[in-house]
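Presented below is the structure to which this report refers.
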There are 2 protein chains.
Amino acid sequence: MRPGHHAPDGYDQSSFPRFAVTVDIVILTMFQATLQVLLVRRRADPYKGAWALPGGFKRPDETLDEAAIRELREETGVKAPKHLTQFAAYGDPGRDPRTNVVTVAYLAVTPDVGQILAGTDADEARLWSVAEAVAELELAFDHDQILADAIEQAARQLEQSDLATAFVGPTFTISELKSVYEELWEEEIDAPNFRRQLFVEAPSPASYVAPTGERRPSSPKGGRPAELYRAGPAWKTEPPLRRPRKRRPEK
Amino acid sequence: MRPGHHAPDGYDQSSFPRFAVTVDIVILTMFQATLQVLLVRRRADPYKGAWALPGGFKRPDETLDEAAIRELREETGVKAPKHLTQFAAYGDPGRDPRTNVVTVAYLAVTPDVGQILAGTDADEARLWSVAEAVAELELAFDHDQILADAIEQAARQLEQSDLATAFVGPTFTISELKSVYEELWEEEIDAPNFRRQLFVEAPSPASYVAPTGERRPSSPKGGRPAELYRAGPAWKTEPPLRRPRKRRPEK
DNA sequence: CAAATAGTGTCTCTGAGACAGTATTGG
DNA sequence: CCAATACTGTCTCAGAGACACTATTTG
């Protein structure tokens with residue numbers, strides 16, 4: 001509470017409607033070059049048995065960000081990644097059949113969710129491929145919409161922040177990074193050009209990626225082992241790739 | 001309420017904390033090539049006498065968008081423009097000294113706010129230049145932060161939507177449009193290049209701007225009269241300008 | 001050896017930016 | 001005439017994209 005202001009005596013708390021406020025968290029990760037989302041199966045009504053985004057009620061003594069971190073941990077056992085950004089609020093009447101609920105949706109991205117442990121409100125918690133989840137599941141509440149909005153948000157953030165590196169862990173190969181862009185932008189990227197943009201374009205002494213000197217052993221299918229890189233200082237200030245514009249129709 | 005789900009009998013409404021939910025609206029407009037924001041002076045505590053963003057309590061039977069439209073009209077008499085986008089939620093404990101309030105912030109942009117009428121909760125309502133408001137006013141609650149976030153949001157939206165045309169009315173001169181970009185991006189734009197991008201780059205038969213054949217009389221200071229244009233169909237799908245990247249330091 | 005994946009070198013061409021110059025108004 | 005604003009034409013150069021080629025691994 002700010003100094004110099006306090007609730008006047010006799011302030012009528014019932015003069016405006018009150019709502020439950022929840023947070024819902026969309027955790028995205030890359031696994032086998034495929035975009036994955038963390039979902040929980042609801043143990044209780046409403047939507048008992050349906051898959052849903054992890055989330056729950058905000059408490060009065062915590063910020064929205066804190067509520068998101070806490071609920072994610074309680075429901076799935078997952079430690080919230082650094083990049084945790086609020087991206088939308090949903091408050092349509094009837095979006096929760098129980099009562100009036102306004103939810104604030106968060107997006108976070110991680111290279112590795114770690115151990116997943118279903119909490120007390122969930123029968124099960126696991127990663128789903130986003131393609132499968134969208135095609136085959138009917139998510140609880142308006143979570144289909146929230147998930148779609150989250151993915152659009154992530155695609156935009158790739159171009160304007162260092163979100164890409166949040167998908168890939170402290171060291172990564174160029175191919176891994178490329179697959180992040182390809183999955184989220186639904187565009188094929190030319191590997192040689194992708195490399196060049198990372199290496200050549202960085203503002204002066206800073207660089208987008210720095211070699212570690214180490215290499216990742218090649219897969220059982222063969223192929224040259226890829227070199228490992230870490231994110232350089234330039235990434236924070238100026239993300240390297242611009243999203244391709246839609247191609248013009250032929251003249 | 002969705003079909004197939006209903007509140008179970010005896011559902012305990014008090015099992016989770018409840019909040020007031022408000023909406024706050026940032027209305028931006030261009031006047032004399034300067035970015036302006038619509039503010040109200042608070043009639044009641046808390047922050048009585050301080051300038052604040054228009055806004056107020058959401059009702060249970062309306063969506064967040066509807067609440068924003070209604071509150072804007074009630075507090076300022078301004079009819080909500082088409083582009084009305086939610087951009088953030090604020091819920092820190094104590095951000096409102098009265099009670100627990102979560103607010104959802106909206107951004108809208110308009111060429112002309114029309115008649116401004118202070119509502120019952122406001123002593124006064126008027127446009128402020130953003131530069132002045134940021135430098136000289138102490139806005140109520142966390143509205144300083146909300147305003148700053150709104151401007152950043154608008155600058156980004158210019159690059160990814162047709163927001164620019166929302167600033168300038170149905171017909172406009174190229175100079176007017178240019179000043180929108182210059183104010184929000186805080187970048188000088190070369191007028192000849194700006195024109196070319198609007199005319200040459202549109203995807204096939206669509207165009208970014210269409211000439212109306214009319215001209216705007218020149219100002220008392222002289223100068224050639226500017227031709228008037230209207231927004232073309234291409235703008236919706238692919239905004240014409242990309243925000244300039246920060247310049248590299250010299251080698 | 002072939003298949004698979006990683007990485008290099010080069011060419012082309014679009015389009016962003018700089019800027020010189022022309023057009024049309026008011027005073 | 002000059003000042004002010006609108007508009008046109010032209011040059012340059014960075015950088016996005018296409019793609020041929022080389023390198024290093026598994027089997």
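Order determines the names: the first chain of the structure tokens is A, the second B, and so forth; residues in each chain are numbered 1 upward, and ligands are numbered 1 upward as they are shown.
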inquiry  = Show me, as a PyMOL selection string, the residues of chain D whose atoms get within 10 Å of chain B, using only C-alpha atoms (C1' of nucleotides) for the distance check.
reply    = chain D and resi 3-8
I need the chosen residues saved as a compact mmCIF listing (two decimals), in the first residue's frame, with all heavy atoms.
# COMPACT_ATOMS: atom_id res chain seq x y z
P DA D 3 14.69 32.58 -47.56
OP1 DA D 3 15.51 33.11 -46.45
OP2 DA D 3 15.25 31.60 -48.52
O5' DA D 3 13.37 31.94 -46.93
C5' DA D 3 12.47 32.77 -46.20
C4' DA D 3 11.25 31.97 -45.83
O4' DA D 3 10.43 31.73 -47.00
C3' DA D 3 11.55 30.59 -45.23
O3' DA D 3 10.62 30.36 -44.19
C2' DA D 3 11.33 29.65 -46.40
C1' DA D 3 10.16 30.34 -47.11
N9 DA D 3 10.04 30.04 -48.54
C8 DA D 3 11.04 29.99 -49.47
N7 DA D 3 10.62 29.71 -50.69
C5 DA D 3 9.25 29.56 -50.53
C6 DA D 3 8.21 29.27 -51.45
N6 DA D 3 8.42 29.05 -52.74
N1 DA D 3 6.95 29.19 -50.95
C2 DA D 3 6.76 29.42 -49.65
N3 DA D 3 7.64 29.72 -48.70
C4 DA D 3 8.88 29.77 -49.21
P DA D 4 10.79 29.11 -43.19
OP1 DA D 4 10.39 29.59 -41.85
OP2 DA D 4 12.09 28.46 -43.43
O5' DA D 4 9.66 28.11 -43.72
C5' DA D 4 8.30 28.50 -43.65
C4' DA D 4 7.49 27.50 -44.43
O4' DA D 4 7.79 27.63 -45.84
C3' DA D 4 7.79 26.03 -44.08
O3' DA D 4 6.60 25.43 -43.62
C2' DA D 4 8.27 25.42 -45.38
C1' DA D 4 7.65 26.36 -46.41
N9 DA D 4 8.35 26.33 -47.69
C8 DA D 4 9.69 26.46 -47.93
N7 DA D 4 10.02 26.39 -49.19
C5 DA D 4 8.80 26.18 -49.84
C6 DA D 4 8.47 26.02 -51.20
N6 DA D 4 9.37 26.03 -52.18
N1 DA D 4 7.16 25.84 -51.50
C2 DA D 4 6.27 25.82 -50.50
N3 DA D 4 6.46 25.97 -49.20
C4 DA D 4 7.77 26.15 -48.93
P DT D 5 6.65 24.11 -42.69
OP1 DT D 5 5.81 24.41 -41.53
OP2 DT D 5 8.06 23.66 -42.57
O5' DT D 5 5.93 22.99 -43.56
C5' DT D 5 4.69 23.28 -44.18
C4' DT D 5 4.62 22.58 -45.50
O4' DT D 5 5.63 23.11 -46.39
C3' DT D 5 4.90 21.08 -45.48
O3' DT D 5 3.67 20.40 -45.59
C2' DT D 5 5.79 20.84 -46.70
C1' DT D 5 5.75 22.17 -47.42
N1 DT D 5 6.97 22.45 -48.20
C2 DT D 5 6.88 22.48 -49.56
O2 DT D 5 5.84 22.27 -50.17
N3 DT D 5 8.06 22.74 -50.22
C4 DT D 5 9.29 22.97 -49.64
O4 DT D 5 10.27 23.20 -50.35
C5 DT D 5 9.32 22.94 -48.20
C7 DT D 5 10.61 23.19 -47.49
C6 DT D 5 8.18 22.68 -47.55
P DA D 6 3.55 18.83 -45.76
OP1 DA D 6 2.18 18.48 -45.36
OP2 DA D 6 4.72 18.19 -45.14
O5' DA D 6 3.67 18.65 -47.35
C5' DA D 6 2.65 19.22 -48.17
C4' DA D 6 2.86 18.77 -49.60
O4' DA D 6 4.10 19.31 -50.10
C3' DA D 6 2.94 17.25 -49.78
O3' DA D 6 2.06 16.91 -50.83
C2' DA D 6 4.41 17.00 -50.10
C1' DA D 6 4.82 18.31 -50.77
N9 DA D 6 6.23 18.66 -50.63
C8 DA D 6 6.92 18.84 -49.47
N7 DA D 6 8.18 19.18 -49.64
C5 DA D 6 8.33 19.23 -51.01
C6 DA D 6 9.43 19.53 -51.85
N6 DA D 6 10.63 19.84 -51.38
N1 DA D 6 9.23 19.48 -53.19
C2 DA D 6 8.01 19.17 -53.64
N3 DA D 6 6.90 18.87 -52.97
C4 DA D 6 7.14 18.92 -51.65
P DC D 7 1.83 15.35 -51.16
OP1 DC D 7 0.56 15.28 -51.89
OP2 DC D 7 2.05 14.53 -49.97
O5' DC D 7 3.01 15.05 -52.19
C5' DC D 7 2.98 15.66 -53.48
C4' DC D 7 4.27 15.39 -54.20
O4' DC D 7 5.39 15.89 -53.45
C3' DC D 7 4.61 13.92 -54.45
O3' DC D 7 4.30 13.63 -55.82
C2' DC D 7 6.11 13.81 -54.13
C1' DC D 7 6.52 15.27 -54.01
N1 DC D 7 7.70 15.55 -53.14
C2 DC D 7 8.91 15.87 -53.73
O2 DC D 7 8.99 15.91 -54.96
N3 DC D 7 9.99 16.13 -52.94
C4 DC D 7 9.87 16.08 -51.61
N4 DC D 7 10.96 16.34 -50.88
C5 DC D 7 8.64 15.75 -50.97
C6 DC D 7 7.59 15.49 -51.77
P DT D 8 4.81 12.29 -56.51
OP1 DT D 8 4.00 12.13 -57.73
OP2 DT D 8 4.90 11.22 -55.50
O5' DT D 8 6.30 12.63 -56.97
C5' DT D 8 6.51 13.60 -57.99
C4' DT D 8 7.86 13.38 -58.65
O4' DT D 8 8.91 13.79 -57.74
C3' DT D 8 8.17 11.93 -59.05
O3' DT D 8 8.69 11.95 -60.37
C2' DT D 8 9.20 11.48 -58.04
C1' DT D 8 9.90 12.78 -57.70
N1 DT D 8 10.49 12.86 -56.35
C2 DT D 8 11.82 13.18 -56.21
O2 DT D 8 12.56 13.39 -57.14
N3 DT D 8 12.25 13.24 -54.91
C4 DT D 8 11.50 13.02 -53.77
O4 DT D 8 12.00 13.10 -52.65
C5 DT D 8 10.12 12.70 -53.99
C7 DT D 8 9.21 12.44 -52.84
C6 DT D 8 9.67 12.62 -55.25
Please give the complete set of residues from range 26-211 of chain A that DSSP, run on the backbone, assigns to alpha helix (DSSP H), formatted as a ChimeraX atom specification. /A:64-76,130-136,143-160,163-166,174-185,191-200
Please return the superposed copy of chain A as a JSON list (two decimals) with C-alpha atoms, in the first residue's frame; the fit should be least squares onto chain B across all sequentially paired Cα atoms.
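In the end it all went to result12.json:
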[["chain", "number", "residue", "atom", "x", "y", "z"],
["A", 1, "MET", "CA", -22.16, -20.65, -19.18],
["A", 2, "ARG", "CA", -21.34, -23.72, -21.21],
["A", 3, "PRO", "CA", -23.89, -26.48, -21.51],
["A", 4, "GLY", "CA", -23.37, -29.58, -19.41],
["A", 5, "HIS", "CA", -21.79, -27.77, -16.49],
["A", 6, "HIS", "CA", -23.33, -25.99, -13.58],
["A", 7, "ALA", "CA", -22.31, -24.93, -10.13],
["A", 8, "PRO", "CA", -22.78, -27.90, -7.80],
["A", 9, "ASP", "CA", -25.21, -27.38, -4.93],
["A", 10, "GLY", "CA", -23.49, -26.19, -1.83],
["A", 11, "TYR", "CA", -20.42, -25.05, -3.71],
["A", 12, "ASP", "CA", -18.42, -23.04, -1.22],
["A", 13, "GLN", "CA", -18.09, -19.55, -2.64],
["A", 14, "SER", "CA", -15.76, -18.49, 0.16],
["A", 15, "SER", "CA", -13.09, -21.10, -0.48],
["A", 16, "PHE", "CA", -11.02, -18.68, -2.53],
["A", 17, "PRO", "CA", -10.24, -14.98, -2.13],
["A", 18, "ARG", "CA", -12.24, -12.47, -4.08],
["A", 19, "PHE", "CA", -11.11, -9.30, -5.80],
["A", 20, "ALA", "CA", -12.48, -6.20, -7.34],
["A", 21, "VAL", "CA", -11.74, -6.22, -11.04],
["A", 22, "THR", "CA", -11.34, -2.96, -12.90],
["A", 23, "VAL", "CA", -10.49, -1.90, -16.41],
["A", 24, "ASP", "CA", -8.33, 1.11, -17.23],
["A", 25, "ILE", "CA", -8.24, 2.62, -20.68],
["A", 26, "VAL", "CA", -5.39, 4.42, -22.39],
["A", 27, "ILE", "CA", -6.70, 6.54, -25.24],
["A", 28, "LEU", "CA", -3.99, 7.87, -27.52],
["A", 29, "THR", "CA", -4.48, 10.39, -30.28],
["A", 30, "MET", "CA", -2.38, 12.69, -32.44],
["A", 31, "PHE", "CA", -2.97, 16.40, -32.18],
["A", 32, "GLN", "CA", -0.70, 18.92, -33.88],
["A", 33, "ALA", "CA", 1.74, 16.11, -34.68],
["A", 34, "THR", "CA", 2.06, 15.35, -30.97],
["A", 35, "LEU", "CA", 1.01, 12.23, -29.13],
["A", 36, "GLN", "CA", -1.79, 12.90, -26.62],
["A", 37, "VAL", "CA", -3.41, 10.84, -23.88],
["A", 38, "LEU", "CA", -6.87, 11.17, -22.33],
["A", 39, "LEU", "CA", -6.83, 11.60, -18.54],
["A", 40, "VAL", "CA", -9.40, 12.34, -15.83],
["A", 41, "ARG", "CA", -9.02, 14.15, -12.53],
["A", 42, "ARG", "CA", -10.27, 12.04, -9.64],
["A", 43, "ARG", "CA", -13.17, 13.46, -7.67],
["A", 44, "ALA", "CA", -12.96, 11.01, -4.76],
["A", 45, "ASP", "CA", -10.38, 9.31, -2.60],
["A", 46, "PRO", "CA", -8.10, 7.55, -2.99],
["A", 47, "TYR", "CA", -5.85, 9.87, -4.99],
["A", 48, "LYS", "CA", -8.50, 12.62, -4.92],
["A", 49, "GLY", "CA", -7.43, 15.44, -7.20],
["A", 50, "ALA", "CA", -4.80, 13.37, -9.00],
["A", 51, "TRP", "CA", -4.89, 12.71, -12.71],
["A", 52, "ALA", "CA", -5.60, 9.13, -13.68],
["A", 53, "LEU", "CA", -6.50, 6.96, -16.62],
["A", 54, "PRO", "CA", -10.23, 6.58, -17.16],
["A", 55, "GLY", "CA", -11.55, 3.25, -15.89],
["A", 56, "GLY", "CA", -13.70, 1.49, -13.32],
["A", 57, "PHE", "CA", -15.22, -1.70, -12.05],
["A", 58, "LYS", "CA", -16.12, -4.60, -14.27],
["A", 59, "ARG", "CA", -19.61, -6.01, -13.82],
["A", 60, "PRO", "CA", -20.26, -9.75, -13.66],
["A", 61, "ASP", "CA", -22.58, -9.76, -16.65],
["A", 62, "GLU", "CA", -20.26, -8.05, -19.13],
["A", 63, "THR", "CA", -17.02, -9.03, -20.80],
["A", 64, "LEU", "CA", -13.81, -7.17, -20.10],
["A", 65, "ASP", "CA", -14.06, -5.49, -23.49],
["A", 66, "GLU", "CA", -17.59, -4.34, -22.75],
["A", 67, "ALA", "CA", -16.53, -2.96, -19.38],
["A", 68, "ALA", "CA", -13.77, -0.95, -21.04],
["A", 69, "ILE", "CA", -16.16, 0.54, -23.58],
["A", 70, "ARG", "CA", -18.73, 1.39, -20.91],
["A", 71, "GLU", "CA", -16.29, 2.94, -18.45],
["A", 72, "LEU", "CA", -14.65, 5.04, -21.10],
["A", 73, "ARG", "CA", -18.01, 6.46, -22.07],
["A", 74, "GLU", "CA", -19.17, 6.99, -18.49],
["A", 75, "GLU", "CA", -16.05, 8.78, -17.33],
["A", 76, "THR", "CA", -15.15, 10.86, -20.34],
["A", 77, "GLY", "CA", -18.07, 10.78, -22.76],
["A", 78, "VAL", "CA", -15.75, 9.37, -25.40],
["A", 79, "LYS", "CA", -17.04, 6.70, -27.75],
["A", 80, "ALA", "CA", -14.60, 3.78, -27.84],
["A", 81, "PRO", "CA", -12.68, 3.50, -31.11],
["A", 82, "LYS", "CA", -12.55, 0.24, -33.03],
["A", 83, "HIS", "CA", -9.00, -0.68, -32.11],
["A", 84, "LEU", "CA", -9.46, -1.48, -28.44],
["A", 85, "THR", "CA", -6.92, -4.00, -27.29],
["A", 86, "GLN", "CA", -6.16, -5.39, -23.92],
["A", 87, "PHE", "CA", -2.46, -5.30, -23.24],
["A", 88, "ALA", "CA", -1.72, -6.13, -19.60],
["A", 89, "ALA", "CA", -3.14, -6.93, -16.16],
["A", 90, "TYR", "CA", -1.90, -5.45, -12.91],
["A", 91, "GLY", "CA", -2.52, -7.10, -9.57],
["A", 92, "ASP", "CA", 0.23, -6.24, -7.12],
["A", 93, "PRO", "CA", -0.95, -6.29, -3.52],
["A", 94, "GLY", "CA", -1.56, -2.73, -2.34],
["A", 95, "ARG", "CA", -1.74, -1.18, -5.80],
["A", 96, "ASP", "CA", -5.13, 0.15, -4.68],
["A", 97, "PRO", "CA", -5.21, 1.26, -1.04],
["A", 98, "ARG", "CA", -8.87, 0.39, -0.61],
["A", 99, "THR", "CA", -8.99, -3.29, -1.31],
["A", 100, "ASN", "CA", -7.57, -6.00, -3.51],
["A", 101, "VAL", "CA", -7.97, -4.82, -7.06],
["A", 102, "VAL", "CA", -6.84, -6.47, -10.24],
["A", 103, "THR", "CA", -7.02, -4.22, -13.26],
["A", 104, "VAL", "CA", -6.97, -5.08, -16.93],
["A", 105, "ALA", "CA", -5.52, -2.33, -19.09],
["A", 106, "TYR", "CA", -6.75, -1.42, -22.55],
["A", 107, "LEU", "CA", -5.22, 0.59, -25.32],
["A", 108, "ALA", "CA", -7.23, 2.43, -27.93],
["A", 109, "VAL", "CA", -6.28, 4.91, -30.55],
["A", 110, "THR", "CA", -8.42, 7.43, -32.35],
["A", 111, "PRO", "CA", -8.03, 10.31, -34.77],
["A", 112, "ASP", "CA", -10.52, 12.41, -32.86],
["A", 113, "VAL", "CA", -11.84, 11.82, -29.37],
["A", 114, "GLY", "CA", -14.89, 13.98, -30.03],
["A", 115, "GLN", "CA", -16.59, 15.86, -27.24],
["A", 116, "ILE", "CA", -15.06, 15.17, -23.82],
["A", 117, "LEU", "CA", -17.46, 15.23, -20.86],
["A", 118, "ALA", "CA", -16.20, 14.54, -17.36],
["A", 119, "GLY", "CA", -18.41, 11.90, -15.71],
["A", 120, "THR", "CA", -19.61, 11.71, -12.15],
["A", 121, "ASP", "CA", -16.36, 10.24, -10.84],
["A", 122, "ALA", "CA", -14.20, 12.92, -12.42],
["A", 123, "ASP", "CA", -13.79, 16.65, -11.84],
["A", 124, "GLU", "CA", -12.27, 17.15, -15.22],
["A", 125, "ALA", "CA", -11.31, 15.17, -18.28],
["A", 126, "ARG", "CA", -8.98, 16.28, -21.04],
["A", 127, "LEU", "CA", -6.16, 15.38, -23.37],
["A", 128, "TRP", "CA", -2.58, 15.81, -22.22],
["A", 129, "SER", "CA", 0.50, 15.64, -24.36],
["A", 130, "VAL", "CA", 2.18, 12.39, -23.43],
["A", 131, "ALA", "CA", 5.51, 14.14, -23.00],
["A", 132, "GLU", "CA", 3.97, 16.56, -20.49],
["A", 133, "ALA", "CA", 2.00, 13.91, -18.66],
["A", 134, "VAL", "CA", 5.07, 11.75, -18.19],
["A", 135, "ALA", "CA", 7.29, 14.63, -17.13],
["A", 136, "GLU", "CA", 4.97, 16.69, -14.97],
["A", 137, "LEU", "CA", 2.10, 14.62, -13.60],
["A", 138, "GLU", "CA", 2.06, 12.03, -10.87],
["A", 139, "LEU", "CA", -0.72, 9.75, -11.97],
["A", 140, "ALA", "CA", -2.90, 7.90, -9.46],
["A", 141, "PHE", "CA", -2.28, 4.26, -8.51],
["A", 142, "ASP", "CA", 0.24, 2.60, -10.84],
["A", 143, "HIS", "CA", -1.08, 4.47, -13.85],
["A", 144, "ASP", "CA", 2.36, 5.89, -14.70],
["A", 145, "GLN", "CA", 3.49, 2.35, -15.32],
["A", 146, "ILE", "CA", 0.34, 1.46, -17.24],
["A", 147, "LEU", "CA", 0.75, 4.49, -19.50],
["A", 148, "ALA", "CA", 4.38, 3.66, -20.21],
["A", 149, "ASP", "CA", 3.47, 0.07, -21.04],
["A", 150, "ALA", "CA", 0.67, 1.27, -23.32],
["A", 151, "ILE", "CA", 3.00, 3.45, -25.36],
["A", 152, "GLU", "CA", 5.49, 0.64, -25.76],
["A", 153, "GLN", "CA", 2.61, -1.58, -26.83],
["A", 154, "ALA", "CA", 1.45, 0.94, -29.42],
["A", 155, "ALA", "CA", 4.95, 1.29, -30.84],
["A", 156, "ARG", "CA", 5.13, -2.46, -31.34],
["A", 157, "GLN", "CA", 1.63, -2.68, -32.76],
["A", 158, "LEU", "CA", 2.53, -0.16, -35.45],
["A", 159, "GLU", "CA", 4.84, -2.74, -36.94],
["A", 160, "GLN", "CA", 2.46, -5.68, -36.71],
["A", 161, "SER", "CA", -1.01, -4.34, -37.34],
["A", 162, "ASP", "CA", -2.84, -1.55, -39.09],
["A", 163, "LEU", "CA", -2.78, 0.55, -35.92],
["A", 164, "ALA", "CA", -1.13, 3.48, -37.70],
["A", 165, "THR", "CA", -4.21, 4.24, -39.75],
["A", 166, "ALA", "CA", -6.33, 4.27, -36.59],
["A", 167, "PHE", "CA", -4.53, 7.46, -35.55],
["A", 168, "VAL", "CA", -5.39, 9.44, -38.63],
["A", 169, "GLY", "CA", -9.01, 9.27, -39.61],
["A", 170, "PRO", "CA", -10.63, 8.06, -42.83],
["A", 171, "THR", "CA", -8.57, 10.31, -45.07],
["A", 172, "PHE", "CA", -5.12, 11.61, -44.30],
["A", 173, "THR", "CA", -2.00, 13.11, -45.76],
["A", 174, "ILE", "CA", 1.27, 11.23, -45.94],
["A", 175, "SER", "CA", 2.80, 13.73, -43.53],
["A", 176, "GLU", "CA", 0.18, 13.04, -40.92],
["A", 177, "LEU", "CA", 0.84, 9.36, -41.14],
["A", 178, "LYS", "CA", 4.57, 9.91, -40.97],
["A", 179, "SER", "CA", 4.24, 11.87, -37.74],
["A", 180, "VAL", "CA", 2.48, 8.90, -36.14],
["A", 181, "TYR", "CA", 5.49, 6.70, -36.72],
["A", 182, "GLU", "CA", 7.92, 9.40, -35.72],
["A", 183, "GLU", "CA", 6.18, 10.12, -32.42],
["A", 184, "LEU", "CA", 5.80, 6.52, -31.38],
["A", 185, "TRP", "CA", 9.15, 5.24, -32.56],
["A", 186, "GLU", "CA", 11.06, 8.38, -31.62],
["A", 187, "GLU", "CA", 12.84, 8.18, -34.93],
["A", 188, "GLU", "CA", 13.10, 10.65, -37.78],
["A", 189, "ILE", "CA", 11.76, 9.21, -40.99],
["A", 190, "ASP", "CA", 12.85, 10.35, -44.43],
["A", 191, "ALA", "CA", 9.72, 11.64, -46.15],
["A", 192, "PRO", "CA", 10.55, 10.48, -49.69],
["A", 193, "ASN", "CA", 11.42, 6.98, -48.50],
["A", 194, "PHE", "CA", 8.28, 6.85, -46.41],
["A", 195, "ARG", "CA", 6.14, 7.62, -49.44],
["A", 196, "ARG", "CA", 7.88, 5.00, -51.52],
["A", 197, "GLN", "CA", 7.25, 2.28, -48.98],
["A", 198, "LEU", "CA", 3.56, 3.05, -48.96],
["A", 199, "PHE", "CA", 3.23, 3.10, -52.72],
["A", 200, "VAL", "CA", 5.67, 0.56, -54.08],
["A", 201, "GLU", "CA", 5.64, -2.28, -51.62],
["A", 202, "ALA", "CA", 2.06, -3.44, -51.46],
["A", 203, "PRO", "CA", 1.33, -7.08, -52.27],
["A", 204, "SER", "CA", -0.15, -7.44, -55.67],
["A", 205, "PRO", "CA", -3.39, -5.84, -56.53],
["A", 206, "ALA", "CA", -3.90, -4.53, -53.00],
["A", 207, "SER", "CA", -2.34, -1.27, -51.91],
["A", 208, "TYR", "CA", -1.50, 0.34, -48.61],
["A", 209, "VAL", "CA", -2.93, 3.71, -49.48],
["A", 210, "ALA", "CA", -5.34, 4.82, -52.16],
["A", 211, "PRO", "CA", -5.53, 8.39, -53.43],
["A", 212, "THR", "CA", -8.84, 10.16, -52.96],
["A", 213, "GLY", "CA", -8.12, 12.82, -55.57],
["A", 214, "GLU", "CA", -8.71, 15.52, -52.99],
["A", 215, "ARG", "CA", -6.17, 17.79, -51.40],
["A", 216, "ARG", "CA", -5.80, 19.34, -47.99],
["A", 217, "PRO", "CA", -5.44, 23.17, -48.15],
["A", 218, "SER", "CA", -2.01, 24.27, -47.05],
["A", 219, "SER", "CA", -1.47, 25.82, -43.65],
["A", 220, "PRO", "CA", -1.19, 29.59, -43.09],
["A", 221, "LYS", "CA", 2.57, 29.10, -43.19],
["A", 222, "GLY", "CA", 2.39, 28.16, -46.84],
["A", 223, "GLY", "CA", 3.63, 25.08, -48.59],
["A", 224, "ARG", "CA", 2.25, 22.89, -51.29],
["A", 225, "PRO", "CA", -1.17, 21.40, -50.46],
["A", 226, "ALA", "CA", -0.92, 17.72, -49.56],
["A", 227, "GLU", "CA", -2.92, 15.05, -51.32],
["A", 228, "LEU", "CA", -5.38, 13.05, -49.26],
["A", 229, "TYR", "CA", -5.34, 9.27, -49.13],
["A", 230, "ARG", "CA", -7.36, 6.54, -47.53],
["A", 231, "ALA", "CA", -6.11, 3.21, -46.17],
["A", 232, "GLY", "CA", -5.97, 0.46, -48.79],
["A", 233, "PRO", "CA", -6.83, -3.22, -48.35],
["A", 234, "ALA", "CA", -3.22, -4.40, -48.02],
["A", 235, "TRP", "CA", -2.75, -2.78, -44.66],
["A", 236, "LYS", "CA", -4.80, -5.34, -42.76],
["A", 237, "THR", "CA", -2.66, -8.23, -43.86],
["A", 238, "GLU", "CA", 0.83, -6.80, -43.90],
["A", 239, "PRO", "CA", 1.81, -3.50, -42.32],
["A", 240, "PRO", "CA", 4.21, -1.60, -44.56],
["A", 241, "LEU", "CA", 6.91, -0.37, -42.21],
["A", 242, "ARG", "CA", 9.37, -2.26, -40.11],
["A", 243, "ARG", "CA", 10.70, -0.50, -37.09],
["A", 244, "PRO", "CA", 14.30, 0.51, -37.65],
["A", 245, "ARG", "CA", 16.81, -1.49, -35.71],
["A", 246, "LYS", "CA", 19.16, 0.31, -33.39],
["A", 247, "ARG", "CA", 22.12, 1.50, -35.42],
["A", 248, "ARG", "CA", 25.39, -0.29, -35.04],
["A", 249, "PRO", "CA", 28.15, 1.61, -33.30],
["A", 250, "GLU", "CA", 30.88, 2.79, -35.73],
["A", 251, "LYS", "CA", 33.68, 0.35, -36.29]]
- Query: Taking only C-alpha atoms (C1' of nucleotides) into account, what are the residues of chain C at most 12 Å from chain A, put as a count of residues only?
  - Reply: 9
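For the atom pair formed by C1' of DC19 in chain C and C1' of DT12 in chain D, the distance is 11.1 Å, given to one decimal.
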* Asked: What is the C1' of DC1 in chain C to C1' of DC21 in chain D distance in Å?
  ->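 Between C1' of DC1 in chain C and C1' of DC21 in chain D the gap is 19.9 Å.
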TODO: With a distance cut-off of 12 Å and only C-alpha atoms (C1' of nucleotides), select the neighbouring residues of DC13 in chain C, excluding the residue or stretch itself and same-chain residues fewer than 6 positions from it, and output the selection as an MDAnalysis selection string.
DONE: chainID D and resid 13:18
